[in-house]
Each structure stands twice: as structure tokens, then as C-alpha cells.
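Novice: Okay, so here is structure-v6.pdb, and as you'll see once you scroll down, it has PDB, C-alpha atoms.
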```pdb
ATOM      1  CA  MET B   1    -117.397   7.501  -9.521
ATOM      2  CA  ALA B   2    -119.955   9.531  -7.617
ATOM      3  CA  THR B   3    -123.216  10.260  -9.389
ATOM      4  CA  ASP B   4    -125.122  13.532  -9.205
ATOM      5  CA  THR B   5    -127.588  11.784  -6.912
ATOM      6  CA  ASP B   6    -124.786  10.718  -4.557
ATOM      7  CA  GLN B   7    -123.509  14.292  -4.428
ATOM      8  CA  LEU B   8    -126.981  15.616  -3.620
ATOM      9  CA  ILE B   9    -127.450  13.045  -0.894
ATOM     10  CA  ARG B  10    -124.169  14.052   0.711
ATOM     11  CA  LEU B  11    -125.025  17.732   0.302
ATOM     12  CA  PHE B  12    -128.375  17.349   2.019
ATOM     13  CA  ALA B  13    -127.093  15.011   4.726
ATOM     14  CA  GLU B  14    -126.385  18.103   6.838
ATOM     15  CA  GLU B  15    -129.508  19.508   8.526
ATOM     16  CA  SER B  16    -128.415  23.143   8.336
ATOM     17  CA  ARG B  17    -128.038  22.863   4.548
ATOM     18  CA  VAL B  18    -131.483  21.337   4.221
ATOM     19  CA  ARG B  19    -133.012  24.070   6.340
ATOM     20  CA  ALA B  20    -131.184  26.818   4.428
ATOM     21  CA  PHE B  21    -132.194  25.300   1.092
ATOM     22  CA  ALA B  22    -135.822  25.033   2.217
ATOM     23  CA  ALA B  23    -135.785  28.678   3.277
ATOM     24  CA  VAL B  24    -134.518  29.729  -0.149
ATOM     25  CA  ALA B  25    -137.090  27.509  -1.872
ATOM     26  CA  LEU B  26    -139.801  29.173   0.219
ATOM     27  CA  GLY B  27    -138.697  32.624  -0.895
ATOM     28  CA  ALA B  28    -136.005  33.837   1.502
ATOM     29  CA  GLY B  29    -133.904  35.999  -0.798
ATOM     30  CA  SER B  30    -131.019  37.098   1.413
ATOM     31  CA  PRO B  31    -128.716  35.363   3.902
ATOM     32  CA  VAL B  32    -130.373  37.277   6.756
ATOM     33  CA  GLU B  33    -133.823  36.063   5.693
ATOM     34  CA  VAL B  34    -132.522  32.514   5.234
ATOM     35  CA  GLY B  35    -131.069  32.485   8.761
ATOM     36  CA  ARG B  36    -134.275  33.859  10.245
ATOM     37  CA  VAL B  37    -136.610  31.482   8.371
ATOM     38  CA  ALA B  38    -134.358  28.444   8.894
ATOM     39  CA  GLY B  39    -133.621  29.226  12.526
ATOM     40  CA  LEU B  40    -129.864  29.155  11.952
ATOM     41  CA  SER B  41    -127.071  31.246  13.403
ATOM     42  CA  VAL B  42    -125.213  33.662  11.122
ATOM     43  CA  LYS B  43    -122.233  31.283  10.918
ATOM     44  CA  GLU B  44    -124.426  28.228  10.192
ATOM     45  CA  THR B  45    -126.260  30.185   7.513
ATOM     46  CA  GLU B  46    -123.041  31.358   5.858
ATOM     47  CA  LEU B  47    -121.533  27.854   5.842
ATOM     48  CA  ALA B  48    -124.720  26.235   4.546
ATOM     49  CA  LEU B  49    -125.239  28.813   1.796
ATOM     50  CA  ARG B  50    -121.593  28.616   0.732
ATOM     51  CA  ARG B  51    -121.835  24.836   0.301
ATOM     52  CA  LEU B  52    -125.208  25.085  -1.474
ATOM     53  CA  ARG B  53    -123.776  27.654  -3.898
ATOM     54  CA  GLU B  54    -120.618  25.570  -4.494
ATOM     55  CA  GLN B  55    -122.797  22.634  -5.520
ATOM     56  CA  GLY B  56    -124.910  24.902  -7.699
ATOM     57  CA  VAL B  57    -128.291  24.197  -6.097
ATOM     58  CA  VAL B  58    -128.659  27.772  -4.828
ATOM     59  CA  THR B  59    -127.805  30.732  -7.005
ATOM     60  CA  ALA B  60    -127.571  34.474  -6.513
ATOM     61  CA  GLY B  61    -128.913  36.701  -9.271
ATOM     62  CA  ASP B  62    -127.492  40.031 -10.416
ATOM     63  CA  ASP B  63    -129.429  41.678  -7.603
ATOM     64  CA  ALA B  64    -127.864  39.190  -5.106
ATOM     65  CA  GLU B  65    -131.329  37.648  -4.584
ATOM     66  CA  LEU B  66    -130.978  33.973  -3.671
ATOM     67  CA  GLY B  67    -132.869  31.361  -5.640
ATOM     68  CA  VAL B  68    -133.086  27.637  -6.268
ATOM     69  CA  ALA B  69    -131.356  26.354  -9.406
ATOM     70  CA  TYR B  70    -134.393  24.467 -10.667
ATOM     71  CA  GLY B  71    -132.714  23.933 -14.036
ATOM     72  CA  LEU B  72    -129.997  21.899 -12.351
ATOM     73  CA  PHE B  73    -132.561  19.569 -10.767
ATOM     74  CA  LYS B  74    -134.321  19.206 -14.115
ATOM     75  CA  GLU B  75    -131.005  18.269 -15.714
ATOM     76  CA  TYR B  76    -130.335  15.712 -12.956
ATOM     77  CA  ALA B  77    -133.787  14.234 -13.566
ATOM     78  CA  ARG B  78    -133.205  14.068 -17.337
ATOM     79  CA  GLU B  79    -129.822  12.422 -16.801
ATOM     80  CA  ALA B  80    -131.307   9.864 -14.404
ATOM     81  CA  ALA B  81    -134.015   9.065 -16.971
ATOM     82  CA  ARG B  82    -131.355   8.656 -19.689
ATOM     83  CA  ARG B  83    -129.368   6.270 -17.471
ATOM     84  CA  GLU B  84    -132.498   4.282 -16.666
ATOM     85  CA  ARG B  85    -133.403   3.964 -20.356
ATOM     86  CA  ALA B  86    -129.847   2.877 -21.148
ATOM     87  CA  ASP B  87    -129.932   0.315 -18.328
ATOM     88  CA  GLU B  88    -133.277  -0.993 -19.529
ATOM     89  CA  ALA B  89    -132.046  -1.220 -23.138
ATOM     90  CA  ALA B  90    -128.975  -3.124 -21.945
ATOM     91  CA  GLY B  91    -131.168  -5.500 -19.987
ATOM     92  CA  SER B  92    -129.456  -4.730 -16.700
ATOM     93  CA  PRO B  93    -132.547  -4.311 -14.474
ATOM     94  CA  GLY B  94    -132.982  -8.109 -14.397
ATOM     95  CA  SER B  95    -129.320  -9.053 -14.402
ATOM     96  CA  GLY B  96    -128.774  -9.111 -10.643
ATOM     97  CA  ASP B  97    -126.875  -5.843 -10.427
ATOM     98  CA  GLU B  98    -126.787  -3.649  -7.329
ATOM     99  CA  ARG B  99    -129.651  -1.449  -8.500
ATOM    100  CA  ALA B 100    -131.918  -4.461  -9.055
ATOM    101  CA  ASP B 101    -130.980  -5.862  -5.649
ATOM    102  CA  MET B 102    -131.795  -2.534  -4.030
ATOM    103  CA  VAL B 103    -135.208  -2.426  -5.721
ATOM    104  CA  LEU B 104    -135.969  -5.968  -4.605
ATOM    105  CA  ARG B 105    -134.885  -5.225  -1.008
ATOM    106  CA  THR B 106    -137.200  -2.207  -1.016
ATOM    107  CA  PHE B 107    -140.326  -3.978  -2.250
ATOM    108  CA  VAL B 108    -139.802  -7.601  -1.185
ATOM    109  CA  ARG B 109    -139.074  -8.478   2.448
ATOM    110  CA  ASP B 110    -138.935 -11.901   4.058
ATOM    111  CA  GLY B 111    -140.464 -13.528   0.983
ATOM    112  CA  ARG B 112    -143.399 -11.103   1.012
ATOM    113  CA  LEU B 113    -144.337  -8.353  -1.408
ATOM    114  CA  VAL B 114    -144.537  -5.137   0.612
ATOM    115  CA  ARG B 115    -146.098  -3.221  -2.281
ATOM    116  CA  LEU B 116    -145.685  -2.874  -6.013
ATOM    117  CA  PRO B 117    -143.458  -0.049  -7.198
ATOM    118  CA  ALA B 118    -145.154   2.799  -9.031
ATOM    119  CA  GLN B 119    -142.314   3.087 -11.541
ATOM    120  CA  TRP B 120    -142.977   0.679 -14.392
ATOM    121  CA  THR B 121    -139.396  -0.626 -14.845
ATOM    122  CA  ARG B 122    -139.170  -1.418 -11.144
ATOM    123  CA  LYS B 123    -142.598  -3.045 -11.166
ATOM    124  CA  LYS B 124    -141.526  -5.325 -14.030
ATOM    125  CA  LEU B 125    -138.356  -6.261 -12.155
ATOM    126  CA  VAL B 126    -140.276  -7.179  -8.979
ATOM    127  CA  LEU B 127    -142.887  -9.180 -10.910
ATOM    128  CA  ARG B 128    -140.208 -11.090 -12.803
ATOM    129  CA  HIS B 129    -138.526 -11.910  -9.493
ATOM    130  CA  ILE B 130    -141.800 -13.216  -8.051
ATOM    131  CA  ALA B 131    -142.421 -15.377 -11.129
ATOM    132  CA  GLU B 132    -138.898 -16.808 -11.046
ATOM    133  CA  GLN B 133    -139.018 -17.526  -7.314
ATOM    134  CA  THR B 134    -142.508 -19.048  -7.337
ATOM    135  CA  PHE B 135    -142.981 -21.085 -10.511
ATOM    136  CA  GLU B 136    -140.783 -23.580 -12.337
ATOM    137  CA  PRO B 137    -140.567 -23.110 -16.107
ATOM    138  CA  GLY B 138    -142.736 -25.512 -18.071
ATOM    139  CA  VAL B 139    -144.577 -26.903 -15.029
ATOM    140  CA  GLU B 140    -148.378 -26.723 -15.236
ATOM    141  CA  TYR B 141    -150.204 -25.231 -12.249
ATOM    142  CA  PRO B 142    -153.974 -25.231 -11.710
ATOM    143  CA  GLU B 143    -155.425 -21.813 -10.874
ATOM    144  CA  ARG B 144    -156.028 -22.820  -7.250
ATOM    145  CA  THR B 145    -152.314 -23.602  -6.789
ATOM    146  CA  VAL B 146    -151.301 -20.341  -8.473
ATOM    147  CA  ASN B 147    -153.623 -18.437  -6.139
ATOM    148  CA  GLU B 148    -152.190 -20.177  -3.046
ATOM    149  CA  LYS B 149    -148.605 -19.458  -4.095
ATOM    150  CA  LEU B 150    -149.365 -15.806  -4.837
ATOM    151  CA  ARG B 151    -151.358 -15.337  -1.602
ATOM    152  CA  ALA B 152    -148.168 -16.215   0.275
ATOM    153  CA  TRP B 153    -146.456 -13.224  -1.397
ATOM    154  CA  CYS B 154    -149.376 -10.930  -0.555
ATOM    155  CA  GLU B 155    -149.781 -11.579   3.194
ATOM    156  CA  ASP B 156    -149.694  -8.271   5.089
ATOM    157  CA  GLY B 157    -149.087  -6.378   1.849
ATOM    158  CA  ASP B 158    -151.009  -3.813  -0.184
ATOM    159  CA  VAL B 159    -151.482  -6.053  -3.239
ATOM    160  CA  ASP B 160    -153.916  -8.958  -3.565
ATOM    161  CA  HIS B 161    -153.110 -12.239  -5.293
ATOM    162  CA  VAL B 162    -155.583 -11.594  -8.138
ATOM    163  CA  THR B 163    -153.831  -8.358  -9.121
ATOM    164  CA  LEU B 164    -150.481 -10.097  -8.889
ATOM    165  CA  ARG B 165    -151.694 -12.991 -11.066
ATOM    166  CA  ARG B 166    -153.105 -10.560 -13.663
ATOM    167  CA  TYR B 167    -149.779  -8.711 -13.897
ATOM    168  CA  LEU B 168    -147.839 -11.958 -14.280
ATOM    169  CA  VAL B 169    -150.103 -13.048 -17.123
ATOM    170  CA  ASP B 170    -150.143  -9.610 -18.786
ATOM    171  CA  LEU B 171    -146.334  -9.468 -18.708
ATOM    172  CA  HIS B 172    -146.125 -13.032 -20.083
ATOM    173  CA  HIS B 173    -144.348 -14.446 -17.064
ATOM    174  CA  LEU B 174    -147.239 -16.891 -16.828
ATOM    175  CA  ARG B 175    -149.322 -18.264 -19.685
ATOM    176  CA  ARG B 176    -152.919 -19.199 -18.986
ATOM    177  CA  ASN B 177    -154.915 -21.773 -20.923
ATOM    178  CA  GLU B 178    -158.260 -23.120 -19.648
ATOM    179  CA  GLY B 179    -157.438 -22.514 -15.998
ATOM    180  CA  ILE B 180    -153.937 -23.992 -16.215
ATOM    181  CA  TYR B 181    -150.913 -21.736 -15.796
ATOM    182  CA  ARG B 182    -147.368 -22.320 -16.952
ATOM    183  CA  ARG B 183    -144.309 -20.134 -16.442
ATOM    184  CA  VAL B 184    -142.646 -19.217 -19.692
ATOM    185  CA  ASP B 185    -139.130 -20.570 -20.053
ATOM    186  CA  GLU B 186    -137.402 -17.333 -21.080
ATOM    187  CA  SER B 187    -134.087 -19.052 -21.820
ATOM    188  CA  ALA B 188    -135.799 -21.270 -24.425
ATOM    189  CA  GLY B 189    -137.198 -18.159 -26.143
ATOM    190  CA  ALA B 190    -133.723 -16.662 -26.421
ATOM    191  CA  ALA B 191    -132.259 -19.727 -28.156
TER     192      ALA B 191
END
```
So, in terms of C-alpha cells, how does the structure I just supplied come out?

Specialist:
Amino acid sequence: MATDTDQLIRLFAEESRVRAFAAVALGAGSPVEVGRVAGLSVKETELALRRLREQGVVTAGDDAELGVAYGLFKEYAREAARRERADEAAGSPGSGDERADMVLRTFVRDGRLVRLPAQWTRKKLVLRHIAEQTFEPGVEYPERTVNEKLRAWCEDGDVDHVTLRRYLVDLHHLRRNEGIYRRVDESAGAA
């Protein structure tokens, strides 16, 4: 089943459609203006606008003035947020699904953290992955060892090991007591 996002990606995979859409977004109100602003031939403009209208991202008002269907994009954004909340409630971000794998491939490469995601649910997923890959549950680690292990994740990245350690403690992936850290055994908490 194709999602709205998949449809948009396919729609905008064609350069002429992107250029025509951009021209409309910048105020070109007629096909002639769109073709001129986008640098497209009459035929390219007609084909691009037809496809953009079919998908509902460009509309024509009563006066035939072209415009962007901003409401449609807002609805897509609301639907994506609803799906994300449902996924989070179901616990799927950490369950190894395709979306989680994609997030990890984006932010973790060759055993290194490229950067932390801005989106909170993705950030939590990446931090959980780092905790699970770096520390054994129940094993005690002195702060120096924790720092060394986290520095390895941070080489050539935008995040330092101190920030990473703070997040892991704040999210309860690691517990700290008098300079000794221990990864929480999450399966024991569920029993």
C-alpha cells in the first residue's frame, strides 16, 4: 500500500513537475507564467501541471488562477504525525521494523554516530540502540570506561561523549551511582 509520502516522492521525482510546482508556489498563476518562470516548454508545462492537478497539489480557482493546495500538505503532515504517535504507542520504533532500521542507517554509520536526530522519537531510538550495542545489562562500568566507549561512537561526529552520556542517563538507559554506571535491564522491568 503506497502512503501519501510515497505518492509525493514519485510525483516530485520528475524535474519538470518540481519546477512547475515551484513556479506556482512562487506566484505564477497561469500555465504561460509557469512555463516562463520554470523554463519549460509548453508541452512540458501542460504535462507537469496536469499531473500536479491530478494529485491535488496544485489547484485552479474559479478565476483559473493556479495555486498550491497547502491544505493537502497540512493534512499529510497531520496524518504522518498520527501514524508516528500510533507507532510510538505500539512500541514499534524500537522493535526492529523497517522505519527504525532506516533511522539507524541515517544517523549511525560504521559504528559511529553521525549526529543526533532533531526529532525526539528518532533521538530516543538512536540512543537506545547505542546503549544496547555498547553496554551489557547489569554490568558495572566506571565513568572512565563509559567515556571511552562513548568516545568511540562520537569520533568524527557532531556530538561529544559527555552529551551522549547525559542523554543515556536522562533517558534511563544508564543508571549512575557514585561514578559507576550500569545499563538498565529493560526485560527485567517488564516481568

Novice: With all atoms listed in the file as the counted atoms, please give the residues lying no more than 12 Å from segment 40-42 of chain B, apart from itself and same-chain residues fewer than 2 positions off, as a list in words.

Specialist: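 Those residues are Glu15, Ser16, Arg17, Val18, Arg19, Ala20, Phe21, Ala23, Ser30, Pro31, Val32, Glu33, Val34, Gly35, Arg36, Val37, Ala38, Glu44, Thr45, Glu46, Leu47, Ala48 and Leu49 of chain B.
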
Novice: Determine the residue membership of the PyMOL selection byres ((chain B and resi 167) around 12) for the file above and supply it as a short mmCIF file (atom, residue, chain, number, x, y, z; two decimals) with C-alpha atoms, in the coordinates of the input.

Specialist:
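Output saved as selection.cif:
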```
data_model
loop_
_atom_site.label_atom_id
_atom_site.label_comp_id
_atom_site.auth_asym_id
_atom_site.auth_seq_id
_atom_site.Cartn_x
_atom_site.Cartn_y
_atom_site.Cartn_z
CA LEU B 116 -145.68 -2.87 -6.01
CA TRP B 120 -142.98 0.68 -14.39
CA LYS B 123 -142.60 -3.04 -11.17
CA LYS B 124 -141.53 -5.32 -14.03
CA LEU B 125 -138.36 -6.26 -12.16
CA VAL B 126 -140.28 -7.18 -8.98
CA LEU B 127 -142.89 -9.18 -10.91
CA ARG B 128 -140.21 -11.09 -12.80
CA ILE B 130 -141.80 -13.22 -8.05
CA ALA B 131 -142.42 -15.38 -11.13
CA LEU B 150 -149.36 -15.81 -4.84
CA VAL B 159 -151.48 -6.05 -3.24
CA ASP B 160 -153.92 -8.96 -3.56
CA HIS B 161 -153.11 -12.24 -5.29
CA VAL B 162 -155.58 -11.59 -8.14
CA THR B 163 -153.83 -8.36 -9.12
CA LEU B 164 -150.48 -10.10 -8.89
CA ARG B 165 -151.69 -12.99 -11.07
CA ARG B 166 -153.10 -10.56 -13.66
CA LEU B 168 -147.84 -11.96 -14.28
CA VAL B 169 -150.10 -13.05 -17.12
CA ASP B 170 -150.14 -9.61 -18.79
CA LEU B 171 -146.33 -9.47 -18.71
CA HIS B 172 -146.12 -13.03 -20.08
CA HIS B 173 -144.35 -14.45 -17.06
CA LEU B 174 -147.24 -16.89 -16.83
CA ARG B 175 -149.32 -18.26 -19.68
#
```

Novice: Find the residue from B:Glu79, B:Gly29, B:Arg122, B:Ile9 that sits nearest to Ala64 of chain B; use all atoms listed in the file when measuring.

Specialist: B:Gly29

Novice: Taking into account only C-alpha atoms, which residue in the set B:Leu11, B:Tyr141, B:Ile180, B:Glu148 is nearest to Glu54 of chain B?

Specialist: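 Under the stated criterion, the closest residue is B:Leu11.
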
Novice: Take atom CA of Gly111 of chain B and atom CA of Ala152 of chain B and report the distance between them in Å, one decimal.

Specialist: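 Interatomic distance here is 8.2 Å.
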
Novice: Grab all the atoms of segment 21-27 of chain B that the file lists, wrap them in a box along x, y and z, add 6 Å per side, and give me centre plus edge lengths in Å (one decimal) as AutoDock Vina command-line options.

Specialist:
```
--center_x -136.0 --center_y 28.8 --center_z 0.7 --size_x 19.6 --size_y 19.6 --size_z 17.1
```

Novice: Determine, counting only C-alpha atoms, which protein, DNA and RNA residues have an atom within 9 Å of an atom of Ala25 of chain B; residues of the same chain fewer than 6 positions away are not included. Present the result as a PyMOL selection string.

Specialist: chain B and resi 58+67-68

Novice: Taking C-alpha atoms for each residue, export the selection above as a tab-separated table (two decimals), keeping the file's coordinate frame.

Specialist:
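Result written to out.tsv:
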```tsv
chain	number	residue	atom	x	y	z
B	58	VAL	CA	-128.66	27.77	-4.83
B	67	GLY	CA	-132.87	31.36	-5.64
B	68	VAL	CA	-133.09	27.64	-6.27
```

Novice: The PyMOL selection byres ((chain B and resi 182) around 9) on the file shown: which residues, as a tab-separated table (two decimals) with C-alpha atoms, in the coordinates of the input?

Specialist:
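What ended up in out16.tsv:
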```tsv
chain	number	residue	atom	x	y	z
B	135	PHE	CA	-142.98	-21.08	-10.51
B	136	GLU	CA	-140.78	-23.58	-12.34
B	137	PRO	CA	-140.57	-23.11	-16.11
B	138	GLY	CA	-142.74	-25.51	-18.07
B	139	VAL	CA	-144.58	-26.90	-15.03
B	140	GLU	CA	-148.38	-26.72	-15.24
B	141	TYR	CA	-150.20	-25.23	-12.25
B	142	PRO	CA	-153.97	-25.23	-11.71
B	173	HIS	CA	-144.35	-14.45	-17.06
B	174	LEU	CA	-147.24	-16.89	-16.83
B	175	ARG	CA	-149.32	-18.26	-19.68
B	176	ARG	CA	-152.92	-19.20	-18.99
B	177	ASN	CA	-154.92	-21.77	-20.92
B	180	ILE	CA	-153.94	-23.99	-16.22
B	181	TYR	CA	-150.91	-21.74	-15.80
B	183	ARG	CA	-144.31	-20.13	-16.44
B	184	VAL	CA	-142.65	-19.22	-19.69
B	185	ASP	CA	-139.13	-20.57	-20.05
```

Novice: Give me, as number ranges by chain, all polymer residues having an atom no more than 12 Å from His129 of chain B, counting only C-alpha atoms and skipping those fewer than 6 positions away in the same chain.

Specialist: B: 93-96, 100-101, 103-105, 107-108, 111-113, 122-123, 135, 153, 168, 173

Novice: As an exercise, work out the distance from atom CA of Pro117 of chain B to atom CA of Arg85 of chain B in Å and give it to one decimal place.

Specialist: 17.0 Å

Novice: Give the answer as one residue: which of B:Ala81, B:Val24, B:Met102, B:Ala86 has the shortest atom-to-atom distance to Ala69 of chain B, using all atoms listed in the file?

Specialist: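 Of all the options, B:Val24 lies closest to Ala69 of chain B.
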
Novice: Could you tell me how far atom CA of Gln119 of chain B sits from atom CA of Glu84 of chain B, in Å to one decimal place?

Specialist: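 According to the coordinates, atom CA of Glu84 of chain B and atom CA of Gln119 of chain B are separated by 11.1 Å.
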
Novice: Pick from B:Tyr76, B:Arg144, B:Asp110, B:Ala118: nearest to Asp156 of chain B, with all atoms listed in the file counted?

Specialist: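 Closest to Asp156 of chain B, using all atoms listed in the file: B:Asp110.
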